[in-house]
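Trainee: Contents of coords38.cif (mmCIF, C-alpha atoms):
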```
data_work
loop_
_atom_site.group_PDB
_atom_site.id
_atom_site.type_symbol
_atom_site.label_atom_id
_atom_site.label_comp_id
_atom_site.auth_asym_id
_atom_site.auth_seq_id
_atom_site.Cartn_x
_atom_site.Cartn_y
_atom_site.Cartn_z
ATOM 1 C CA MET A 1 0.000 0.000 0.000
ATOM 2 C CA ASP A 2 1.230 3.485 -0.819
ATOM 3 C CA GLU A 3 1.481 5.165 2.548
ATOM 4 C CA THR A 4 1.273 8.676 1.202
ATOM 5 C CA ILE A 5 -1.157 11.420 2.076
ATOM 6 C CA GLY A 6 -3.184 12.699 -0.849
ATOM 7 C CA HIS A 7 -2.932 16.172 -2.330
ATOM 8 C CA SER A 8 -4.370 18.913 -0.162
ATOM 9 C CA ASN A 9 -3.281 22.122 1.482
ATOM 10 C CA TYR A 10 -4.343 20.706 4.869
ATOM 11 C CA ASP A 11 -5.320 24.171 6.076
ATOM 12 C CA SER A 12 -7.782 22.812 8.643
ATOM 13 C CA VAL A 13 -5.461 20.200 10.135
ATOM 14 C CA ILE A 14 -2.705 22.793 10.488
ATOM 15 C CA GLU A 15 -5.077 25.171 12.254
ATOM 16 C CA VAL A 16 -6.407 22.456 14.585
ATOM 17 C CA SER A 17 -2.992 20.941 15.306
ATOM 18 C CA ASN A 18 -1.622 24.369 16.227
ATOM 19 C CA LYS A 19 -4.135 24.367 19.076
ATOM 20 C CA LEU A 20 -3.572 20.729 20.072
ATOM 21 C CA PHE A 21 0.235 20.580 19.984
ATOM 22 C CA LYS A 22 0.633 22.714 23.113
ATOM 23 C CA LEU A 23 -1.758 20.409 24.956
ATOM 24 C CA VAL A 24 0.171 17.346 23.741
ATOM 25 C CA SER A 25 3.491 18.869 24.778
ATOM 26 C CA ASN A 26 2.257 19.681 28.282
ATOM 27 C CA LYS A 27 0.464 16.374 28.813
ATOM 28 C CA LEU A 28 3.361 14.178 27.655
ATOM 29 C CA GLY A 29 6.197 16.424 28.808
ATOM 30 C CA VAL A 30 7.861 16.582 25.393
ATOM 31 C CA ASN A 31 9.602 19.366 23.510
ATOM 32 C CA THR A 32 8.359 18.591 20.009
ATOM 33 C CA ALA A 33 5.137 17.359 18.407
ATOM 34 C CA TYR A 34 4.630 17.037 14.670
ATOM 35 C CA ILE A 35 2.550 15.588 11.848
ATOM 36 C CA ALA A 36 4.473 13.859 9.072
ATOM 37 C CA ARG A 37 3.535 12.341 5.742
ATOM 38 C CA LYS A 38 5.409 10.056 3.379
ATOM 39 C CA GLU A 39 5.970 11.279 -0.179
ATOM 40 C CA ASN A 40 7.853 8.689 -2.208
ATOM 41 C CA GLU A 41 11.127 8.253 -0.300
ATOM 42 C CA GLN A 42 10.797 11.444 1.728
ATOM 43 C CA ILE A 43 9.100 12.340 4.985
ATOM 44 C CA LYS A 44 7.564 15.810 4.857
ATOM 45 C CA ILE A 45 6.583 17.643 8.028
ATOM 46 C CA VAL A 46 3.030 18.941 7.600
ATOM 47 C CA ASN A 47 3.127 20.894 10.857
ATOM 48 C CA ALA A 48 5.328 21.031 13.938
ATOM 49 C CA PHE A 49 5.478 22.504 17.427
ATOM 50 C CA ASN A 50 8.593 23.039 19.556
ATOM 51 C CA GLU A 51 8.186 24.065 23.189
ATOM 52 C CA LYS A 52 11.734 25.350 23.680
ATOM 53 C CA GLU A 53 14.441 24.286 21.263
ATOM 54 C CA THR A 54 13.559 23.734 17.614
ATOM 55 C CA ILE A 55 14.078 20.136 16.546
ATOM 56 C CA LEU A 56 11.731 20.080 13.554
ATOM 57 C CA SER A 57 9.992 22.784 11.540
ATOM 58 C CA LYS A 58 6.938 22.802 9.292
ATOM 59 C CA ASP A 59 7.705 21.794 5.673
ATOM 60 C CA ALA A 60 11.028 20.177 6.603
ATOM 61 C CA GLU A 61 11.893 17.087 4.560
ATOM 62 C CA ILE A 62 13.822 14.028 5.747
ATOM 63 C CA ASP A 63 14.949 10.913 3.941
ATOM 64 C CA TYR A 64 12.427 8.179 4.760
ATOM 65 C CA TYR A 65 15.084 5.682 5.837
ATOM 66 C CA GLU A 66 16.699 8.310 8.073
ATOM 67 C CA SER A 67 13.455 9.236 9.806
ATOM 68 C CA SER A 68 12.033 8.010 13.086
ATOM 69 C CA CYS A 69 8.639 7.837 11.343
ATOM 70 C CA LYS A 70 9.845 4.811 9.373
ATOM 71 C CA LYS A 71 9.511 2.714 12.510
ATOM 72 C CA VAL A 72 5.897 3.867 12.939
ATOM 73 C CA PHE A 73 4.922 3.279 9.313
ATOM 74 C CA GLU A 74 6.356 -0.230 9.271
ATOM 75 C CA SER A 75 5.093 -1.332 12.672
ATOM 76 C CA ASP A 76 2.282 -3.876 12.949
ATOM 77 C CA GLN A 77 0.925 -1.850 15.850
ATOM 78 C CA GLU A 78 -0.908 1.460 15.748
ATOM 79 C CA TYR A 79 1.844 3.133 17.745
ATOM 80 C CA THR A 80 5.581 2.967 18.418
ATOM 81 C CA THR A 81 7.476 4.101 21.505
ATOM 82 C CA VAL A 82 11.234 4.310 21.989
ATOM 83 C CA GLU A 83 12.666 5.315 25.356
ATOM 84 C CA ASN A 84 16.029 6.262 23.865
ATOM 85 C CA LEU A 85 16.559 6.597 20.121
ATOM 86 C CA MET A 86 20.306 6.994 20.645
ATOM 87 C CA THR A 87 20.749 3.558 22.215
ATOM 88 C CA ASN A 88 18.089 1.621 20.306
ATOM 89 C CA PRO A 89 19.822 -0.542 17.638
ATOM 90 C CA THR A 90 17.133 0.194 15.020
ATOM 91 C CA THR A 91 17.267 3.979 15.427
ATOM 92 C CA GLN A 92 20.698 4.934 16.757
ATOM 93 C CA ASP A 93 22.087 5.604 13.271
ATOM 94 C CA GLN A 94 19.164 7.738 12.117
ATOM 95 C CA VAL A 95 19.290 11.521 11.876
ATOM 96 C CA ALA A 96 17.247 12.153 15.054
ATOM 97 C CA SER A 97 19.866 10.309 17.100
ATOM 98 C CA ARG A 98 23.004 11.090 15.146
ATOM 99 C CA GLU A 99 22.503 14.817 14.573
ATOM 100 C CA TRP A 100 19.649 16.020 16.776
ATOM 101 C CA HIS A 101 20.522 13.909 19.846
ATOM 102 C CA VAL A 102 16.875 13.093 20.481
ATOM 103 C CA ARG A 103 16.084 10.295 22.907
ATOM 104 C CA GLY A 104 12.404 9.986 23.853
ATOM 105 C CA PHE A 105 10.053 9.217 20.952
ATOM 106 C CA MET A 106 6.473 8.114 20.347
ATOM 107 C CA GLY A 107 4.521 7.982 17.108
ATOM 108 C CA VAL A 108 1.024 6.872 16.130
ATOM 109 C CA LYS A 109 -0.458 6.291 12.700
ATOM 110 C CA LEU A 110 -2.926 8.726 11.179
ATOM 111 C CA LYS A 111 -5.568 6.730 9.329
ATOM 112 C CA SER A 112 -8.631 7.416 7.236
ATOM 113 C CA MET A 113 -11.974 5.850 8.084
ATOM 114 C CA ASN A 114 -11.325 3.058 5.577
ATOM 115 C CA GLY A 115 -7.947 2.270 7.123
ATOM 116 C CA ASP A 116 -5.585 3.948 4.656
ATOM 117 C CA ILE A 117 -2.540 5.519 6.296
ATOM 118 C CA PHE A 118 -2.291 9.303 5.949
ATOM 119 C CA GLY A 119 0.919 9.703 7.911
ATOM 120 C CA THR A 120 2.047 9.891 11.523
ATOM 121 C CA LEU A 121 1.595 12.006 14.626
ATOM 122 C CA CYS A 122 4.844 11.952 16.597
ATOM 123 C CA VAL A 123 6.414 13.458 19.697
ATOM 124 C CA MET A 124 10.078 13.608 20.698
ATOM 125 C CA ASP A 125 12.290 14.977 23.428
ATOM 126 C CA TYR A 126 15.962 15.280 24.301
ATOM 127 C CA ALA A 127 15.390 13.282 27.492
ATOM 128 C CA GLU A 128 14.640 9.573 27.758
ATOM 129 C CA LYS A 129 10.910 8.942 27.973
ATOM 130 C CA HIS A 130 8.922 6.022 29.298
ATOM 131 C CA PHE A 131 5.421 6.548 27.952
ATOM 132 C CA SER A 132 2.607 4.923 29.917
ATOM 133 C CA GLU A 133 -0.453 3.212 28.453
ATOM 134 C CA GLU A 134 -2.395 6.338 29.370
ATOM 135 C CA ASP A 135 0.077 8.442 27.360
ATOM 136 C CA VAL A 136 -0.291 6.153 24.359
ATOM 137 C CA GLU A 137 -4.088 6.265 24.500
ATOM 138 C CA PHE A 138 -4.000 10.045 24.807
ATOM 139 C CA LEU A 139 -1.869 10.455 21.669
ATOM 140 C CA LYS A 140 -4.012 7.925 19.795
ATOM 141 C CA THR A 141 -7.098 9.995 20.648
ATOM 142 C CA ILE A 142 -5.441 13.153 19.332
ATOM 143 C CA ALA A 143 -4.454 11.219 16.196
ATOM 144 C CA GLU A 144 -8.071 10.168 15.627
ATOM 145 C CA VAL A 145 -9.185 13.799 15.763
ATOM 146 C CA LEU A 146 -6.467 14.889 13.330
ATOM 147 C CA SER A 147 -7.199 11.954 11.000
ATOM 148 C CA TYR A 148 -10.806 13.081 10.765
ATOM 149 C CA ILE A 149 -9.758 16.668 10.018
ATOM 150 C CA ILE A 150 -7.278 15.503 7.356
ATOM 151 C CA GLU A 151 -9.988 13.471 5.660
ATOM 152 C CA LEU A 152 -12.265 16.522 5.619
ATOM 153 C CA ASP A 153 -9.458 18.608 4.089
ATOM 154 C CA GLU A 154 -8.952 16.033 1.346
ATOM 155 C CA THR A 155 -12.690 15.798 0.677
ATOM 156 C CA PHE A 156 -12.984 19.565 0.304
ATOM 157 C CA ALA A 157 -9.889 19.588 -1.928
ATOM 158 C CA ASP A 158 -11.483 16.984 -4.202
ATOM 159 C CA ILE A 159 -14.711 18.989 -4.360
ATOM 160 C CA GLU A 160 -12.787 22.146 -5.273
ATOM 161 C CA LEU A 161 -10.897 20.381 -8.050
ATOM 162 C CA LEU A 162 -14.135 19.073 -9.509
ATOM 163 C CA SER A 163 -15.857 22.428 -9.225
ATOM 164 C CA VAL A 164 -15.571 24.247 -12.555
ATOM 165 C CA PRO A 165 -19.014 25.882 -12.864
ATOM 166 C CA ILE A 166 -19.526 26.376 -16.603
ATOM 167 C CA ILE A 167 -23.112 27.228 -17.535
ATOM 168 C CA PRO A 168 -24.108 26.782 -21.198
ATOM 169 C CA ILE A 169 -26.590 29.458 -22.344
ATOM 170 C CA ARG A 170 -26.985 28.657 -26.012
ATOM 171 C CA SER A 171 -24.831 27.516 -28.899
ATOM 172 C CA GLY A 172 -21.566 29.458 -28.807
ATOM 173 C CA LEU A 173 -22.307 31.204 -25.492
ATOM 174 C CA ALA A 174 -21.395 30.114 -21.951
ATOM 175 C CA ILE A 175 -20.817 31.554 -18.486
ATOM 176 C CA LEU A 176 -17.950 30.664 -16.154
ATOM 177 C CA ALA A 177 -19.269 31.515 -12.686
ATOM 178 C CA LEU A 178 -16.220 31.466 -10.412
ATOM 179 C CA GLN A 179 -16.949 31.045 -6.708
ATOM 180 C CA GLY A 180 -15.115 30.732 -3.410
ATOM 181 C CA ASN A 181 -11.354 30.565 -2.963
ATOM 182 C CA ILE A 182 -9.207 29.636 -5.930
ATOM 183 C CA ASN A 183 -5.794 28.242 -5.099
ATOM 184 C CA LYS A 184 -3.115 27.089 -7.525
ATOM 185 C CA SER A 185 -4.411 23.518 -7.947
ATOM 186 C CA ARG A 186 -8.019 24.570 -8.486
ATOM 187 C CA GLY A 187 -6.862 27.343 -10.812
ATOM 188 C CA LYS A 188 -5.079 24.824 -13.014
ATOM 189 C CA LYS A 189 -8.244 22.714 -13.167
ATOM 190 C CA ILE A 190 -10.358 25.751 -14.106
ATOM 191 C CA LEU A 191 -7.920 26.796 -16.833
ATOM 192 C CA GLU A 192 -7.756 23.344 -18.414
ATOM 193 C CA ASP A 193 -11.491 22.609 -18.255
ATOM 194 C CA THR A 194 -12.549 26.032 -19.527
ATOM 195 C CA LEU A 195 -10.220 25.944 -22.527
ATOM 196 C CA ASN A 196 -11.243 22.382 -23.380
ATOM 197 C CA TYR A 197 -14.914 23.308 -23.075
ATOM 198 C CA ALA A 198 -14.466 26.357 -25.305
ATOM 199 C CA LEU A 199 -12.782 24.202 -27.941
ATOM 200 C CA ASP A 200 -15.182 21.252 -27.762
ATOM 201 C CA GLN A 201 -18.342 23.375 -27.729
ATOM 202 C CA ARG A 202 -17.079 25.943 -30.251
ATOM 203 C CA ILE A 203 -17.715 28.823 -27.879
ATOM 204 C CA ASN A 204 -17.726 32.331 -29.360
ATOM 205 C CA TYR A 205 -18.532 34.263 -26.173
ATOM 206 C CA PHE A 206 -17.483 33.505 -22.598
ATOM 207 C CA VAL A 207 -18.819 35.587 -19.722
ATOM 208 C CA ILE A 208 -16.589 35.189 -16.660
ATOM 209 C CA ASP A 209 -18.465 36.192 -13.522
ATOM 210 C CA LEU A 210 -16.343 37.121 -10.488
ATOM 211 C CA SER A 211 -19.076 38.334 -8.136
ATOM 212 C CA GLN A 212 -18.767 35.325 -5.788
ATOM 213 C CA ILE A 213 -14.979 35.145 -5.715
ATOM 214 C CA LYS A 214 -13.191 35.158 -2.364
ATOM 215 C CA TYR A 215 -9.711 36.131 -3.436
ATOM 216 C CA SER A 216 -6.957 34.733 -1.209
ATOM 217 C CA ASP A 217 -4.181 33.577 -3.510
ATOM 218 C CA THR A 218 -1.754 35.772 -5.451
ATOM 219 C CA ASN A 219 -1.779 33.171 -8.222
ATOM 220 C CA PHE A 220 -5.326 34.240 -9.086
ATOM 221 C CA ALA A 221 -4.089 37.289 -11.011
ATOM 222 C CA VAL A 222 -1.877 35.079 -13.159
ATOM 223 C CA LEU A 223 -4.704 32.571 -13.661
ATOM 224 C CA LEU A 224 -7.144 35.240 -14.817
ATOM 225 C CA HIS A 225 -4.624 36.740 -17.218
ATOM 226 C CA SER A 226 -3.678 33.318 -18.627
ATOM 227 C CA LEU A 227 -7.295 32.221 -19.008
ATOM 228 C CA ILE A 228 -8.470 35.353 -20.799
ATOM 229 C CA SER A 229 -5.374 35.530 -23.009
ATOM 230 C CA ALA A 230 -5.762 31.880 -24.032
ATOM 231 C CA LEU A 231 -9.472 32.280 -24.794
ATOM 232 C CA ARG A 232 -8.780 35.344 -26.931
ATOM 233 C CA LEU A 233 -6.089 33.463 -28.853
ATOM 234 C CA MET A 234 -8.733 30.812 -29.564
ATOM 235 C CA GLY A 235 -10.977 33.508 -31.022
ATOM 236 C CA VAL A 236 -13.327 33.621 -28.035
ATOM 237 C CA LYS A 237 -14.657 37.016 -26.992
ATOM 238 C CA VAL A 238 -14.478 37.433 -23.214
ATOM 239 C CA MET A 239 -16.487 39.665 -20.920
ATOM 240 C CA LEU A 240 -15.986 40.073 -17.166
ATOM 241 C CA SER A 241 -18.935 40.671 -14.872
ATOM 242 C CA GLY A 242 -19.302 41.417 -11.181
ATOM 243 C CA VAL A 243 -15.711 42.333 -10.331
ATOM 244 C CA PRO A 244 -15.805 42.675 -6.503
ATOM 245 C CA VAL A 245 -14.508 45.857 -4.903
ATOM 246 C CA GLN A 246 -11.923 43.986 -2.823
ATOM 247 C CA LEU A 247 -10.627 42.318 -5.973
ATOM 248 C CA ALA A 248 -10.306 45.625 -7.815
ATOM 249 C CA HIS A 249 -8.353 47.040 -4.877
ATOM 250 C CA GLU A 250 -5.690 44.339 -5.146
ATOM 251 C CA HIS A 251 -2.920 45.942 -7.191
ATOM 252 C CA LEU A 252 -1.792 42.627 -8.722
ATOM 253 C CA ILE A 253 -5.289 41.922 -10.009
ATOM 254 C CA ARG A 254 -5.874 45.505 -11.086
ATOM 255 C CA ASP A 255 -2.617 45.653 -13.032
ATOM 256 C CA GLN A 256 -3.424 42.404 -14.821
ATOM 257 C CA LEU A 257 -6.983 43.456 -15.665
ATOM 258 C CA VAL A 258 -5.872 46.798 -17.069
ATOM 259 C CA LYS A 259 -3.633 44.991 -19.555
ATOM 260 C CA LEU A 260 -6.517 42.910 -20.916
ATOM 261 C CA ASP A 261 -8.703 44.084 -23.757
ATOM 262 C CA VAL A 262 -12.032 42.911 -22.347
ATOM 263 C CA ALA A 263 -15.394 44.486 -21.611
ATOM 264 C CA TYR A 264 -16.508 44.937 -18.003
ATOM 265 C CA VAL A 265 -20.110 44.943 -16.797
ATOM 266 C CA LYS A 266 -21.759 44.862 -13.389
ATOM 267 C CA THR A 267 -23.911 41.759 -13.769
ATOM 268 C CA ILE A 268 -24.291 38.608 -15.844
ATOM 269 C CA GLU A 269 -27.592 39.952 -17.176
ATOM 270 C CA ALA A 270 -25.846 43.114 -18.396
ATOM 271 C CA ALA A 271 -23.186 40.987 -20.079
ATOM 272 C CA LEU A 272 -25.786 38.893 -21.904
ATOM 273 C CA MET A 273 -27.686 41.998 -23.018
ATOM 274 C CA LYS A 274 -24.453 43.511 -24.332
ATOM 275 C CA ILE A 275 -23.931 40.391 -26.422
ATOM 276 C CA GLY A 276 -27.520 40.656 -27.674
ATOM 277 C CA TYR A 277 -29.080 37.903 -25.606
ATOM 278 C CA VAL A 278 -32.159 39.178 -23.762
ATOM 279 C CA LEU A 279 -33.413 37.403 -20.640
ATOM 280 C CA LYS A 280 -37.142 36.918 -20.833
ATOM 281 C CA ASP A 281 -39.385 37.294 -17.774
ATOM 282 C CA VAL A 282 -41.428 34.085 -17.829
ATOM 283 C CA SER A 283 -43.725 35.235 -15.008
ATOM 284 C CA ALA A 284 -44.813 38.240 -17.082
ATOM 285 C CA ASP A 285 -45.985 35.924 -19.881
ATOM 286 C CA LYS A 286 -48.099 33.938 -17.432
ATOM 287 C CA GLU A 287 -49.921 37.077 -16.369
#
```
Please re-express this file's structure in structure tokens.

Mentor:
Amino acid sequence: MDETIGHSNYDSVIEVSNKLFKLVSNKLGVNTAYIARKENEQIKIVNAFNEKETILSKDAEIDYYESSCKKVFESDQEYTTVENLMTNPTTQDQVASREWHVRGFMGVKLKSMNGDIFGTLCVMDYAEKHFSEEDVEFLKTIAEVLSYIIELDETFADIELLSVPIIPIRSGLAILALQGNINKSRGKKILEDTLNYALDQRINYFVIDLSQIKYSDTNFAVLLHSLISALRLMGVKVMLSGVPVQLAHEHLIRDQLVKLDVAYVKTIEAALMKIGYVLKDVSADKE
């Protein structure tokens, strides 16, 4: 089984673990607590907490075979404890012992509801540590909470990647109604799907509505510029509607928009009317 966490920003698990790590450190009397994941032959630190001296930092990467997490991943049990990494024959040559001089260690597996391994939740300290059964159960409980949060993060990431809201209006005309936060991975999905749709459906006009955007990523300016430029190269006429005030105030976005030769309107309805497509009031006909 590939013991690798899926692709997600893990914003929620980082936020939650920031609050839990201090509790873990105090309860177990350890300097460092961290979440790690396995990516190919590397261990990447998703998040870390150090009470006093810094042993590990967020986003650090360690060779899998050099890491203490290897023992946790390959154990038949849900957890692994080592009183002294520096004297244990299976860990004394690893980086935590050789370079960091860490002794006390405990790690538990982070698992999804179907049993797949996300990664590990580990603690370590410079002093020898004898962890009790109560300590083990405590860390396992924290791991269950974090596993649930990680799974939610991955679910939301999958939903975002699948969410490219293209609305066909009629032959040659469609609306791209962008909503929520757009990070780099979702932006790539939007760019690819929109261009493919424009090509497959022979779109002549694309209205890109930004009224529901929650801008939080500097890559959005680049995405918007790339998307509009590519559509124009394909012969598609682009119109932007509903540019939010907060978006217009961002200098990166504003500078990119100024460079583009596109029409701007307040609403989708105004965009359609400008193209020559009139929305009909069905209720008026019924009267």

Trainee: Please compute the atom CA of A:Ile62-atom CA of A:Met86 distance, one decimal, in Å.

Mentor: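 Answer for the atom CA of A:Ile62 to atom CA of A:Met86 separation: 17.7 Å.
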
Trainee: For stretch 218-228 of chain A, please output as a list in words all residues within 8 Å (counting all atoms listed in the file; exclusion window: fewer than 5 positions along the same chain).

Mentor: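 So, after excluding close chain neighbours, the residues are Ile182, Asn183, Lys184, Gly187, Lys188, Leu191, Leu195, Val238, Leu252, Ile253, Gln256, Leu257 and Leu260 of chain A.
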
Trainee: Atoms to include: C-alpha atoms. Write the selected residues as a PDB file, in the coordinates of the input.

Mentor:
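So the final result, stored in again.pdb, reads:
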```pdb
ATOM      1  CA  ILE A 182      -9.207  29.636  -5.930  1.00  0.00           C
ATOM      2  CA  ASN A 183      -5.794  28.242  -5.099  1.00  0.00           C
ATOM      3  CA  LYS A 184      -3.115  27.089  -7.525  1.00  0.00           C
ATOM      4  CA  GLY A 187      -6.862  27.343 -10.812  1.00  0.00           C
ATOM      5  CA  LYS A 188      -5.079  24.824 -13.014  1.00  0.00           C
ATOM      6  CA  LEU A 191      -7.920  26.796 -16.833  1.00  0.00           C
ATOM      7  CA  LEU A 195     -10.220  25.944 -22.527  1.00  0.00           C
ATOM      8  CA  VAL A 238     -14.478  37.433 -23.214  1.00  0.00           C
ATOM      9  CA  LEU A 252      -1.792  42.627  -8.722  1.00  0.00           C
ATOM     10  CA  ILE A 253      -5.289  41.922 -10.009  1.00  0.00           C
ATOM     11  CA  GLN A 256      -3.424  42.404 -14.821  1.00  0.00           C
ATOM     12  CA  LEU A 257      -6.983  43.456 -15.665  1.00  0.00           C
ATOM     13  CA  LEU A 260      -6.517  42.910 -20.916  1.00  0.00           C
TER      14      LEU A 260
END
```

Trainee: Point out the residue among A:Arg232, A:Arg202, A:Lys111, A:Lys189 with the least atom-to-atom distance to A:Ile149, counting all atoms listed in the file.

Mentor: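 Under the stated criterion, the closest residue is A:Lys111.
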
Trainee: How many Å separate atom CA of A:Asn114 from atom CA of A:Asp153?

Mentor: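 These atoms are spaced 15.7 Å apart.
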
Trainee: Give as a ChimeraX atom specification the residues that the PyMOL selection byres ((chain A and resi 45) around 6) matches when applied to the coordinates above.

Mentor: /A:35-36,44,46-47,58-60

Trainee: Rounded to one decimal, what separation in Å do you get between atom CA of A:Lys52 and atom CA of A:Thr32?

Mentor: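 A separation of 8.4 Å between them.
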
Trainee: Report the closest atom pair, with its distance in Å rounded to one decimal, for each residue of stretch 31-96 of chain A that has an atom no farther than 8 Å from stretch 16-24 of chain A; count only C-alpha atoms, sort by chain and then rising residue number, and write it as CSV.

Mentor:
```
residue,atom,partner,partner_atom,distance
A:Ala33,CA,A:Phe21,CA,6.1
A:Tyr34,CA,A:Phe21,CA,7.8
A:Asn47,CA,A:Ser17,CA,7.6
A:Ala48,CA,A:Phe21,CA,7.9
A:Phe49,CA,A:Phe21,CA,6.1
A:Glu51,CA,A:Lys22,CA,7.7
```

Trainee: Just checking: using only C-alpha atoms, which residue out of A:Glu269, A:Asp76, A:Asp63, A:Glu83 ends up closest to A:Ser241?

Mentor: A:Glu269

Trainee: Please determine, counting all atoms listed in the file, which residue among A:Ala174, A:Ala230, A:Ile14, A:Leu240 has the shortest atom-to-atom distance to A:Val265.

Mentor: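 Closest to A:Val265, using all atoms listed in the file: A:Leu240.
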
Trainee: For the point (10.4, 10.9, 7.7) in file coordinates, what residues are within 9 Å, counting only C-alpha atoms? Give the answer as a ChimeraX atom specification?

Mentor: /A:36-38,41-45,61-70

Trainee: I need the residue set behind the PyMOL selection byres ((chain A and resi 102) around 10) for this file; please write it as number ranges by chain.

Mentor: A: 55, 84-86, 92, 95-101, 103-105, 124-128
